[in-house]
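Next comes protein10.cif, a file with mmCIF, C-alpha atoms.
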data_start
#
loop_
_atom_site.label_atom_id
_atom_site.label_comp_id
_atom_site.auth_asym_id
_atom_site.auth_seq_id
_atom_site.Cartn_x
_atom_site.Cartn_y
_atom_site.Cartn_z
CA MET A 1 74.05 29.89 -37.44
CA MET A 2 75.57 27.23 -35.17
CA TYR A 3 72.18 26.89 -33.50
CA TYR A 4 70.62 25.55 -36.71
CA THR A 5 73.54 23.21 -37.38
CA TRP A 6 73.07 21.68 -33.92
CA MET A 7 69.35 21.48 -34.57
CA ILE A 8 69.99 19.51 -37.79
CA ILE A 9 72.63 17.22 -36.23
CA GLY A 10 70.26 16.37 -33.36
CA MET A 11 67.36 15.74 -35.75
CA ALA A 12 69.59 13.49 -37.89
CA LEU A 13 70.75 11.43 -34.89
CA ILE A 14 67.19 11.03 -33.59
CA THR A 15 65.81 10.04 -36.99
CA VAL A 16 68.63 7.61 -37.82
CA PHE A 17 68.15 5.98 -34.43
CA ILE A 18 64.38 5.61 -34.98
CA LYS A 19 64.76 4.24 -38.49
CA ALA A 20 67.65 1.84 -37.90
CA ALA A 21 67.02 0.65 -34.30
CA ILE A 22 64.53 -2.11 -35.11
CA PHE A 23 66.60 -3.48 -38.00
CA MET A 24 69.73 -3.44 -35.82
CA LEU A 25 68.11 -4.98 -32.73
CA GLY A 26 66.43 -7.72 -34.72
CA GLU A 27 63.87 -9.96 -33.04
CA ARG A 28 64.51 -8.48 -29.61
CA ALA A 29 62.26 -5.51 -30.40
CA ALA A 30 58.65 -5.70 -29.19
CA PHE A 31 55.89 -3.23 -29.97
CA PRO A 32 52.98 -2.50 -27.61
CA ILE A 33 49.60 -2.28 -29.39
CA TRP A 34 48.61 1.02 -27.77
CA LEU A 35 51.69 2.68 -29.29
CA LYS A 36 50.77 1.35 -32.71
CA GLU A 37 47.26 2.81 -32.36
CA ALA A 38 48.55 6.14 -31.02
CA LEU A 39 51.00 6.58 -33.90
CA ALA A 40 48.15 6.38 -36.40
CA PHE A 41 46.93 9.74 -35.06
CA VAL A 42 50.28 11.54 -35.09
CA PRO A 43 50.35 12.93 -38.65
CA VAL A 44 46.91 14.57 -38.55
CA THR A 45 47.41 16.03 -35.08
CA VAL A 46 50.90 17.44 -35.66
CA LEU A 47 50.16 19.01 -39.03
CA THR A 48 46.79 20.42 -37.90
CA ALA A 49 48.32 21.85 -34.71
CA ILE A 50 50.94 23.66 -36.79
CA ILE A 51 48.67 25.19 -39.42
CA VAL A 52 45.66 26.26 -37.32
CA PRO A 53 47.48 29.17 -35.59
CA MET A 54 49.18 30.10 -38.90
CA VAL A 55 45.82 30.39 -40.64
CA LEU A 56 43.75 32.00 -37.87
CA ALA A 57 46.41 34.52 -36.78
CA PRO A 58 48.87 34.96 -39.67
CA HIS A 59 50.45 38.00 -38.05
CA GLY A 60 51.00 36.24 -34.74
CA GLN A 61 48.64 38.63 -32.97
CA GLY A 62 44.90 38.16 -32.44
CA LEU A 63 42.26 36.15 -34.25
CA GLU A 64 41.69 37.29 -37.86
CA LEU A 65 38.34 35.72 -38.73
CA SER A 66 37.72 37.92 -41.73
CA TRP A 67 37.49 37.79 -45.50
CA ARG A 68 40.49 40.13 -45.47
CA ASN A 69 42.70 37.28 -44.21
CA PRO A 70 44.11 35.61 -47.38
CA GLN A 71 45.57 32.68 -45.42
CA LEU A 72 42.11 31.82 -44.08
CA VAL A 73 40.32 32.20 -47.42
CA ALA A 74 42.90 30.11 -49.30
CA ALA A 75 43.02 27.45 -46.56
CA ILE A 76 39.24 27.02 -46.77
CA ALA A 77 39.51 26.70 -50.56
CA ALA A 78 42.29 24.10 -50.23
CA VAL A 79 40.31 22.06 -47.69
CA LEU A 80 37.24 22.06 -49.96
CA VAL A 81 39.24 21.03 -53.04
CA CYS A 82 41.04 18.29 -51.14
CA ALA A 83 37.86 16.95 -49.53
CA GLY A 84 36.16 16.94 -52.94
CA THR A 85 38.94 15.46 -55.09
CA ARG A 86 41.49 13.95 -52.63
CA ARG A 87 44.21 15.05 -55.06
CA GLN A 88 47.28 16.45 -53.31
CA LEU A 89 48.98 18.39 -56.08
CA LEU A 90 45.72 19.97 -57.20
CA THR A 91 45.01 21.01 -53.60
CA ILE A 92 48.40 22.71 -53.23
CA MET A 93 48.10 24.50 -56.57
CA VAL A 94 44.55 25.75 -55.98
CA GLY A 95 45.47 26.81 -52.44
CA LEU A 96 48.47 28.84 -53.63
CA LEU A 97 46.53 30.29 -56.55
CA VAL A 98 43.67 31.48 -54.31
CA PHE A 99 46.18 32.82 -51.79
CA PHE A 100 48.08 34.95 -54.30
CA ALA A 101 44.92 35.98 -56.16
CA TRP A 102 43.34 37.12 -52.90
CA GLN A 103 46.44 38.91 -51.65
CA PHE A 104 47.17 40.82 -54.86
CA GLY A 105 43.90 40.76 -56.81
CA VAL A 106 41.19 41.19 -54.20
CA LEU A 107 43.05 43.01 -51.46
CA GLY A 108 45.50 44.76 -53.81
CA ARG A 109 48.55 44.48 -51.56
CA MET L 110 62.72 -15.89 -58.90
CA PRO L 111 61.75 -12.34 -59.86
CA HIS L 112 65.21 -10.89 -60.69
CA PRO L 113 68.22 -12.96 -61.73
CA THR L 114 71.03 -10.57 -60.70
CA SER L 115 71.71 -8.01 -57.95
CA LEU L 116 71.79 -5.23 -60.54
CA SER L 117 68.48 -6.15 -62.13
CA SER L 118 66.89 -6.35 -58.68
CA PHE L 119 68.32 -2.92 -57.79
CA ALA L 120 67.05 -1.46 -61.08
CA ALA L 121 63.60 -2.96 -60.57
CA GLY L 122 63.39 -1.40 -57.10
CA ALA L 123 64.32 2.00 -58.51
CA ARG L 124 61.87 1.64 -61.40
CA ASP L 125 58.95 0.65 -59.16
CA THR L 126 59.64 3.73 -57.00
CA ILE L 127 59.34 6.23 -59.87
CA PRO L 128 55.67 7.13 -59.13
CA MET L 129 56.66 7.87 -55.52
CA MET L 130 59.58 10.00 -56.72
CA VAL L 131 57.24 12.08 -58.85
CA GLY L 132 54.91 12.50 -55.86
CA ALA L 133 57.75 13.64 -53.59
CA ALA L 134 59.18 16.16 -56.08
CA PRO L 135 56.89 19.14 -55.30
CA PHE L 136 57.44 18.64 -51.56
CA GLY L 137 61.21 18.74 -52.09
CA VAL L 138 60.96 21.97 -54.08
CA ILE L 139 58.68 23.61 -51.52
CA PHE L 140 60.99 22.52 -48.69
CA GLY L 141 64.04 24.00 -50.45
CA ALA L 142 62.22 27.25 -51.22
CA LEU L 143 61.02 27.53 -47.60
CA VAL L 144 64.60 27.13 -46.35
CA ALA L 145 65.81 29.80 -48.74
CA ALA L 146 63.12 32.17 -47.43
CA GLY L 147 63.82 31.42 -43.76
CA PRO L 148 66.66 31.82 -41.25
CA LEU L 149 68.61 28.68 -42.27
CA ALA L 150 71.53 28.94 -44.70
CA PRO L 151 70.99 27.07 -48.01
CA TRP L 152 73.72 24.52 -47.19
CA GLN L 153 71.94 23.78 -43.93
CA GLY L 154 68.77 22.98 -45.86
CA GLN L 155 70.69 20.53 -48.04
CA LEU L 156 72.40 19.11 -44.94
CA MET L 157 68.99 18.47 -43.43
CA SER L 158 67.81 16.60 -46.52
CA LEU L 159 71.07 14.60 -46.58
CA GLY L 160 71.18 13.74 -42.87
CA VAL L 161 67.55 13.65 -41.70
CA PHE L 162 65.83 12.48 -44.91
CA ALA L 163 62.29 12.59 -43.50
CA GLY L 164 60.08 15.14 -45.24
CA SER L 165 57.37 16.05 -42.74
CA SER L 166 59.83 16.45 -39.84
CA GLN L 167 62.00 18.67 -42.07
CA PHE L 168 59.01 20.91 -42.85
CA ILE L 169 58.09 21.12 -39.19
CA ALA L 170 61.66 21.99 -38.13
CA VAL L 171 61.92 24.78 -40.71
CA GLY L 172 58.53 26.13 -39.65
CA LEU L 173 59.47 26.05 -35.97
CA ALA L 174 63.00 27.41 -36.54
CA ALA L 175 61.52 30.59 -38.01
CA GLY L 176 59.97 31.26 -34.58
CA GLN L 177 63.09 30.92 -32.38
CA VAL L 178 61.97 27.76 -30.61
CA GLY L 179 63.94 25.71 -28.06
CA LEU L 180 66.05 22.91 -29.55
CA LEU L 181 64.43 20.39 -27.23
CA VAL L 182 60.97 21.11 -28.61
CA ILE L 183 62.20 20.69 -32.20
CA TRP L 184 63.93 17.43 -31.31
CA MET L 185 60.85 16.12 -29.49
CA ALA L 186 58.66 17.02 -32.45
CA THR L 187 61.15 15.21 -34.73
CA PHE L 188 60.98 12.16 -32.48
CA ILE L 189 57.18 12.06 -32.36
CA VAL L 190 56.70 12.69 -36.07
CA ASN L 191 59.30 10.12 -37.16
CA LEU L 192 58.34 7.39 -34.69
CA ARG L 193 56.13 5.76 -37.33
CA HIS L 194 59.27 4.49 -39.09
CA MET L 195 59.68 2.02 -36.22
CA LEU L 196 56.38 0.43 -37.24
CA TYR L 197 57.56 0.19 -40.83
CA ALA L 198 60.83 -1.38 -39.69
CA ALA L 199 59.01 -3.88 -37.47
CA THR L 200 56.83 -4.88 -40.44
CA LEU L 201 59.78 -5.38 -42.80
CA LEU L 202 62.14 -6.91 -40.22
CA PRO L 203 61.49 -10.60 -41.09
CA HIS L 204 62.80 -9.91 -44.61
CA VAL L 205 66.05 -8.19 -43.58
CA SER L 206 66.99 -9.87 -40.27
CA HIS L 207 69.37 -12.32 -42.05
CA LEU L 208 71.47 -9.49 -43.57
CA PRO L 209 74.84 -8.24 -42.24
CA ALA L 210 74.67 -5.28 -39.82
CA ARG L 211 75.90 -2.66 -42.30
CA TRP L 212 73.16 -3.65 -44.78
CA ARG L 213 70.51 -3.44 -42.06
CA PHE L 214 71.78 -0.03 -40.99
CA LEU L 215 71.85 1.31 -44.54
CA LEU L 216 68.36 0.02 -45.38
CA GLY L 217 67.04 1.42 -42.09
CA PHE L 218 68.49 4.84 -42.86
CA LEU L 219 66.85 4.79 -46.31
CA LEU L 220 63.40 3.89 -44.94
CA THR L 221 60.66 6.40 -45.81
CA ASP L 222 56.86 6.29 -46.18
CA GLU L 223 57.31 5.76 -49.91
CA THR L 224 59.95 3.02 -49.80
CA PHE L 225 57.95 1.26 -47.08
CA ALA L 226 54.91 1.21 -49.37
CA VAL L 227 56.99 -0.17 -52.27
CA MET L 228 58.77 -2.79 -50.13
CA ASN L 229 55.63 -3.92 -48.36
CA ALA L 230 53.96 -4.60 -51.72
CA TYR L 231 57.10 -6.31 -53.03
CA TYR L 232 57.51 -8.70 -50.08
CA LEU L 233 53.80 -9.61 -50.23
CA LYS L 234 54.40 -10.84 -53.78
CA HIS L 235 57.92 -12.25 -53.33
CA ALA L 236 58.22 -13.46 -49.75
CA HIS L 237 61.40 -15.52 -50.15
CA THR L 238 63.62 -13.79 -52.62
CA PRO L 239 67.41 -13.92 -52.16
CA ARG L 240 68.01 -10.51 -53.75
CA GLY L 241 65.20 -8.54 -52.09
CA HIS L 242 67.72 -6.32 -50.28
CA TRP L 243 69.06 -5.09 -53.63
CA TYR L 244 65.51 -4.16 -54.64
CA PHE L 245 65.14 -2.37 -51.26
CA LEU L 246 68.45 -0.53 -51.87
CA GLY L 247 67.30 0.48 -55.38
CA SER L 248 64.06 1.91 -54.01
CA GLY L 249 65.70 3.68 -51.05
CA LEU L 250 68.66 5.14 -52.93
CA SER L 251 66.53 6.44 -55.79
CA MET L 252 64.20 8.17 -53.28
CA TYR L 253 67.27 9.58 -51.52
CA GLY L 254 68.82 10.97 -54.72
CA ASN L 255 65.43 12.30 -55.80
CA TRP L 256 64.93 14.13 -52.48
CA GLN L 257 68.40 15.72 -52.69
CA LEU L 258 67.83 16.86 -56.27
CA TRP L 259 64.45 18.52 -55.64
CA THR L 260 65.67 20.09 -52.38
CA LEU L 261 68.57 21.62 -54.33
CA LEU L 262 66.27 22.92 -57.07
CA GLY L 263 63.97 24.44 -54.42
CA LEU L 264 66.96 26.08 -52.71
CA LEU L 265 68.18 27.55 -56.02
CA PHE L 266 64.68 28.71 -56.91
CA GLY L 267 64.12 30.29 -53.49
CA THR L 268 67.54 32.02 -53.56
CA ALA L 269 66.93 33.35 -57.07
CA PHE L 270 63.59 34.87 -56.02
CA PRO L 271 64.13 36.17 -52.46
CA GLN L 272 60.97 38.29 -52.67
CA LEU L 273 58.98 35.04 -52.40
CA GLN L 274 59.22 35.38 -48.63
CA THR L 275 57.38 38.67 -48.51
CA LEU L 276 54.79 37.21 -50.88
CA GLY L 277 53.86 34.76 -48.15
CA LEU L 278 55.67 31.59 -49.16
CA ASP L 279 54.85 30.02 -45.82
CA PHE L 280 51.37 29.51 -47.20
CA ALA L 281 52.92 26.83 -49.44
CA MET L 282 53.56 24.87 -46.26
CA VAL L 283 49.97 25.35 -45.08
CA ALA L 284 48.62 24.15 -48.44
CA THR L 285 51.01 21.17 -48.38
CA PHE L 286 49.89 20.13 -44.90
CA ILE L 287 46.21 20.52 -45.82
CA ALA L 288 46.81 18.19 -48.78
CA ILE L 289 48.32 15.59 -46.44
CA VAL L 290 45.77 15.91 -43.62
CA VAL L 291 42.36 16.26 -45.28
CA PRO L 292 42.29 12.85 -47.07
CA GLN L 293 42.73 11.21 -43.64
CA LEU L 294 39.80 13.01 -42.02
CA PHE L 295 37.05 10.85 -43.47
CA ARG L 296 37.04 8.67 -40.35
CA LEU L 297 35.52 10.08 -37.17
CA PRO L 298 38.42 9.37 -34.73
CA GLN L 299 40.91 11.03 -37.09
CA LEU L 300 38.62 14.04 -37.55
CA ALA L 301 38.10 14.41 -33.81
CA ALA L 302 41.85 14.08 -33.19
CA ALA L 303 42.55 16.85 -35.70
CA VAL L 304 39.86 19.14 -34.24
CA ALA L 305 41.18 18.61 -30.70
CA ALA L 306 44.78 19.21 -31.79
CA GLY L 307 43.80 22.38 -33.67
CA ALA L 308 41.80 23.73 -30.73
CA PHE L 309 44.58 23.04 -28.20
CA ALA L 310 47.20 24.53 -30.52
CA TRP L 311 45.09 27.67 -30.85
CA PHE L 312 44.33 28.21 -27.18
CA LEU L 313 47.83 27.29 -25.96
CA ARG L 314 49.68 29.19 -28.69
CA GLY L 315 51.01 31.68 -26.13
CA LEU L 316 53.01 29.06 -24.19
CA PRO L 317 56.80 29.47 -24.42
CA TYR L 318 59.03 27.20 -26.59
CA LYS L 319 55.95 26.12 -28.58
CA LEU L 320 55.04 23.77 -25.73
CA GLY L 321 51.44 24.29 -26.81
CA LEU L 322 52.27 22.29 -29.94
CA LEU L 323 53.36 19.25 -27.92
CA ALA L 324 50.29 19.57 -25.66
CA ALA L 325 48.09 19.75 -28.76
CA ILE L 326 49.63 16.58 -30.22
CA LEU L 327 49.08 14.70 -26.94
CA ALA L 328 45.49 15.96 -26.66
CA GLY L 329 44.71 15.06 -30.28
CA VAL L 330 46.19 11.57 -30.00
CA GLY L 331 44.32 11.05 -26.70
CA VAL L 332 40.97 12.08 -28.20
CA GLY L 333 41.56 9.90 -31.27
CA LEU L 334 42.46 6.85 -29.16
CA ALA L 335 39.49 7.33 -26.82
CA LEU L 336 37.07 7.67 -29.71
CA SER L 337 38.36 4.67 -31.66
CA HIS L 338 38.16 2.51 -28.51
CA TRP L 339 34.64 3.76 -27.82
CA GLN L 340 33.66 2.90 -31.42
CA ALA L 341 35.15 -0.58 -31.06
CA LEU L 342 33.24 -1.15 -27.81
CA ARG L 343 29.98 -0.05 -29.40
CA ARG L 344 30.53 -2.32 -32.40
CA ALA L 345 31.23 -5.24 -30.07
CA ALA L 346 28.08 -4.51 -28.02
CA ARG L 347 25.96 -4.28 -31.15
CA SER L 348 27.22 -7.54 -32.61
CA LYS L 349 26.39 -9.27 -29.31
CA ALA L 350 22.85 -7.86 -29.18
#
File written out as C-alpha cells:
Amino acid sequence: MMYYTWMIIGMALITVFIKAAIFMLGERAAFPIWLKEALAFVPVTVLTAIIVPMVLAPHGQGLELSWRNPQLVAAIAAVLVCAGTRRQLLTIMVGLLVFFAWQFGVLGR
Amino acid sequence: MPHPTSLSSFAAGARDTIPMMVGAAPFGVIFGALVAAGPLAPWQGQLMSLGVFAGSSQFIAVGLAAGQVGLLVIWMATFIVNLRHMLYAATLLPHVSHLPARWRFLLGFLLTDETFAVMNAYYLKHAHTPRGHWYFLGSGLSMYGNWQLWTLLGLLFGTAFPQLQTLGLDFAMVATFIAIVVPQLFRLPQLAAAVAAGAFAWFLRGLPYKLGLLAAILAGVGVGLALSHWQALRRAARSKA
C-alpha cells in the first residue's frame, strides 16, 4: 500500500516540476530544437509500446496470433474504425463492444 | 479589451474549455474504473488525479503498477510522457512572465494538453490582455474540477461492479490508447516510430522492471527522428534540383 503512495508522490513531484519549471524560471529557460522534435514522437511510441504486448500476449505468456484472442480481434477493429473515422469516442466504444461480444458471444466464456 | 472584469475573464476561460471537458470525461471514468479494478486503493486513484493531474501518465502508471514494476521505471516513464508540458510552458511564457511567482506556479500546475490548446488560441487573438491570467485560471481550474469529478465517478462505478476486472477491463485502456495513437499515424515518421516502438516492446518484454518499455520508447523516438530528418534532406535536395 505504501509502495503506491510513494509512487504517486514521486509522480506528482516530477510532474509539478515539469509543468511549473519554465514559468518559474522565466526567460532563463532555453529549449534545444532536437528535444522539441524528439518530444513529438513520445506519445505514439509510449502508448504503442504499452499496448502491443497486451494485445499480442494477453495472458503474459507466448504469442496468441489467433481469432480466439479477443484482445487482438477487438484491437484490430478499433484501429480500423479509428483510421476510417478519426473519432475517439466511437473508437473506444466499438473496441469495447467487439471485445465483449467476442469474449462472451463468439467464444462463450 | 475582451473581458472587463477578472470574474468575467475567469468565466469565459471556463466556458471556452467546456468542449475539452466533455472530451476528457470518458478518460476520467475509465481511469477511475481501472484503479478500482487494480491494486491501488480508491483514495490513491483520487490522490493521483489531485496531485499528478496528467491523464496519459496516470493511465501508464496504473497499467505498470499492476505488473509490480520498479518505482524508478514508473517515475522515468512519468518524466518522459509529461515532458511535453515544458514545450507548452515555453510557448505560453511570454504571456505569464510578468505575473507574481505564486500565479506562475499555480498556472503551471494547471497546464494540460487541453488548457494549452485553449490558451494558445486565446493569446493568438488577444495578445495584450491585462486579465488573460484569469482566463487561464478559469480554463485550468474547470479542467481540474472536471478531472476530479469523472475520476470519482469512475472509482465509484468500478467499486460497485468489481467483476469488471475479470471481464477484461484493461481492454478499455487498450481501446483508449488506440484512439489516441491512430489519428497521429498518418505521417510516415510517426508510423515508423510506432512500429519500431511496438516491435522493441514485444521482443524486449522479458526484461526486468519493464526496462523493455524504456528501450522501446528510445528506439521509436530515434527511428522517428531519423526518418523525419531524412525526409527533410530529400525535400531540400529535390527543391534544389
- Measure the distance from atom CA of L:Ala306 to atom CA of L:Ile289 in Å and round it to one decimal. 15.5 Å
- Message: Running the PyMOL selection byres ((chain L and resi 162-172) around 7) on this model by hand, what would come out? Give it as a PyMOL selection string.
- Response: chain L and resi 140+144+157-161+173-175+183+187+190-191+221
- Task: On this file, the PyMOL selection byres ((chain A and resi 18-20) around 8) gives some set of residues; write that set as an MDAnalysis selection string.
- Result: (chainID A and resid 14:17 21:24) or (chainID L and resid 188 191:192 194:195 198 213:218 220)
- Would you list the contacts of L:Leu201 as a PyMOL selection string, taking every protein, DNA or RNA residue within 8 Å and counting all atoms listed in the file, but skipping same-chain residues closer than 4 positions in sequence? chain L and resi 197+205+228-229
- Find the distance between atom CA of L:Ala142 and atom CA of L:Phe266 and write it in Å to one decimal.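 We find that atom CA of L:Ala142 and atom CA of L:Phe266 lie 6.4 Å from each other.
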Counting all atoms listed in the file, which residues in chain A sit no more than 7 Å from chain L? For each one, give the nearest pair of atoms and the distance in Å, sorted by chain then residue number, as JSON lines.
{"residue": "A:Tyr4", "atom": "CA", "partner": "L:Leu149", "partner_atom": "CA", "distance": 6.7}
{"residue": "A:Thr5", "atom": "CA", "partner": "L:Gln153", "partner_atom": "CA", "distance": 6.8}
{"residue": "A:Met7", "atom": "CA", "partner": "L:Leu180", "partner_atom": "CA", "distance": 6.2}
{"residue": "A:Ile8", "atom": "CA", "partner": "L:Met157", "partner_atom": "CA", "distance": 5.8}
{"residue": "A:Gly10", "atom": "CA", "partner": "L:Trp184", "partner_atom": "CA", "distance": 6.7}
{"residue": "A:Met11", "atom": "CA", "partner": "L:Trp184", "partner_atom": "CA", "distance": 5.9}
{"residue": "A:Ala12", "atom": "CA", "partner": "L:Val161", "partner_atom": "CA", "distance": 4.3}
{"residue": "A:Ile14", "atom": "CA", "partner": "L:Phe188", "partner_atom": "CA", "distance": 6.4}
{"residue": "A:Thr15", "atom": "CA", "partner": "L:Val161", "partner_atom": "CA", "distance": 6.2}
{"residue": "A:Val16", "atom": "CA", "partner": "L:Phe218", "partner_atom": "CA", "distance": 5.8}
{"residue": "A:Ile18", "atom": "CA", "partner": "L:Met195", "partner_atom": "CA", "distance": 6.0}
{"residue": "A:Lys19", "atom": "CA", "partner": "L:Gly217", "partner_atom": "CA", "distance": 5.1}
{"residue": "A:Ala20", "atom": "CA", "partner": "L:Gly217", "partner_atom": "CA", "distance": 4.3}
{"residue": "A:Ile22", "atom": "CA", "partner": "L:Ala198", "partner_atom": "CA", "distance": 5.9}
{"residue": "A:Phe23", "atom": "CA", "partner": "L:Arg213", "partner_atom": "CA", "distance": 5.6}
{"residue": "A:Met24", "atom": "CA", "partner": "L:Arg213", "partner_atom": "CA", "distance": 6.3}
{"residue": "A:Gly26", "atom": "CA", "partner": "L:Ser206", "partner_atom": "CA", "distance": 6.0}
{"residue": "A:Ala38", "atom": "CA", "partner": "L:Val330", "partner_atom": "CA", "distance": 6.0}
{"residue": "A:Leu39", "atom": "CA", "partner": "L:Arg193", "partner_atom": "CA", "distance": 6.2}
{"residue": "A:Phe41", "atom": "CA", "partner": "L:Val330", "partner_atom": "CA", "distance": 5.4}
{"residue": "A:Val42", "atom": "CA", "partner": "L:Val330", "partner_atom": "CA", "distance": 6.5}
{"residue": "A:Pro43", "atom": "CA", "partner": "L:Val190", "partner_atom": "CA", "distance": 6.9}
{"residue": "A:Val44", "atom": "CA", "partner": "L:Val290", "partner_atom": "CA", "distance": 5.4}
{"residue": "A:Thr45", "atom": "CA", "partner": "L:Ala303", "partner_atom": "CA", "distance": 5.0}
{"residue": "A:Val46", "atom": "CA", "partner": "L:Ile326", "partner_atom": "CA", "distance": 5.7}
{"residue": "A:Leu47", "atom": "CA", "partner": "L:Phe286", "partner_atom": "CA", "distance": 6.0}
{"residue": "A:Thr48", "atom": "CA", "partner": "L:Gly307", "partner_atom": "CA", "distance": 5.5}
{"residue": "A:Ala49", "atom": "CA", "partner": "L:Gly307", "partner_atom": "CA", "distance": 4.7}
{"residue": "A:Ile51", "atom": "CA", "partner": "L:Val283", "partner_atom": "CA", "distance": 5.8}
{"residue": "A:Val52", "atom": "CA", "partner": "L:Gly307", "partner_atom": "CA", "distance": 5.6}
{"residue": "A:Pro53", "atom": "CA", "partner": "L:Trp311", "partner_atom": "CA", "distance": 5.5}
{"residue": "A:Gln71", "atom": "CA", "partner": "L:Phe280", "partner_atom": "CA", "distance": 6.8}
{"residue": "A:Ala75", "atom": "CA", "partner": "L:Ala284", "partner_atom": "CA", "distance": 6.8}
{"residue": "A:Ala78", "atom": "CA", "partner": "L:Ala284", "partner_atom": "CA", "distance": 6.6}
{"residue": "A:Val79", "atom": "CA", "partner": "L:Ile287", "partner_atom": "CA", "distance": 6.4}
{"residue": "A:Cys82", "atom": "CA", "partner": "L:Ala288", "partner_atom": "CA", "distance": 6.2}
{"residue": "A:Ala83", "atom": "CA", "partner": "L:Val291", "partner_atom": "CA", "distance": 6.2}
{"residue": "A:Arg86", "atom": "CA", "partner": "L:Pro292", "partner_atom": "CA", "distance": 5.7}
{"residue": "A:Gln88", "atom": "CA", "partner": "L:Ala288", "partner_atom": "CA", "distance": 4.9}
{"residue": "A:Thr91", "atom": "CA", "partner": "L:Ala288", "partner_atom": "CA", "distance": 5.9}
{"residue": "A:Ile92", "atom": "CA", "partner": "L:Ala284", "partner_atom": "CA", "distance": 5.0}
{"residue": "A:Gly95", "atom": "CA", "partner": "L:Ala284", "partner_atom": "CA", "distance": 5.7}
{"residue": "A:Leu96", "atom": "CA", "partner": "L:Ala281", "partner_atom": "CA", "distance": 6.4}
- Message: Please report the interatomic distance between atom CA of A:Ile76 and atom CA of A:Val98 in Å with one decimal.
- Response: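 A separation of 9.8 Å between them.
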- Message: Taking 4 positions as the minimum chain separation for residues in the same chain, which residues sit within 9 Å of L:Trp259 when counting all atoms listed in the file? Answer as number ranges by chain.
- Response: L: 133-141, 254-255, 263-264
- Message: Quick check on the file I pasted: which residues fall under the PyMOL selection byres ((chain A and resi 68) around 12)? Write them as a PyMOL selection string.
- Response: chain A and resi 56-58+64-67+69-74+99+102-109
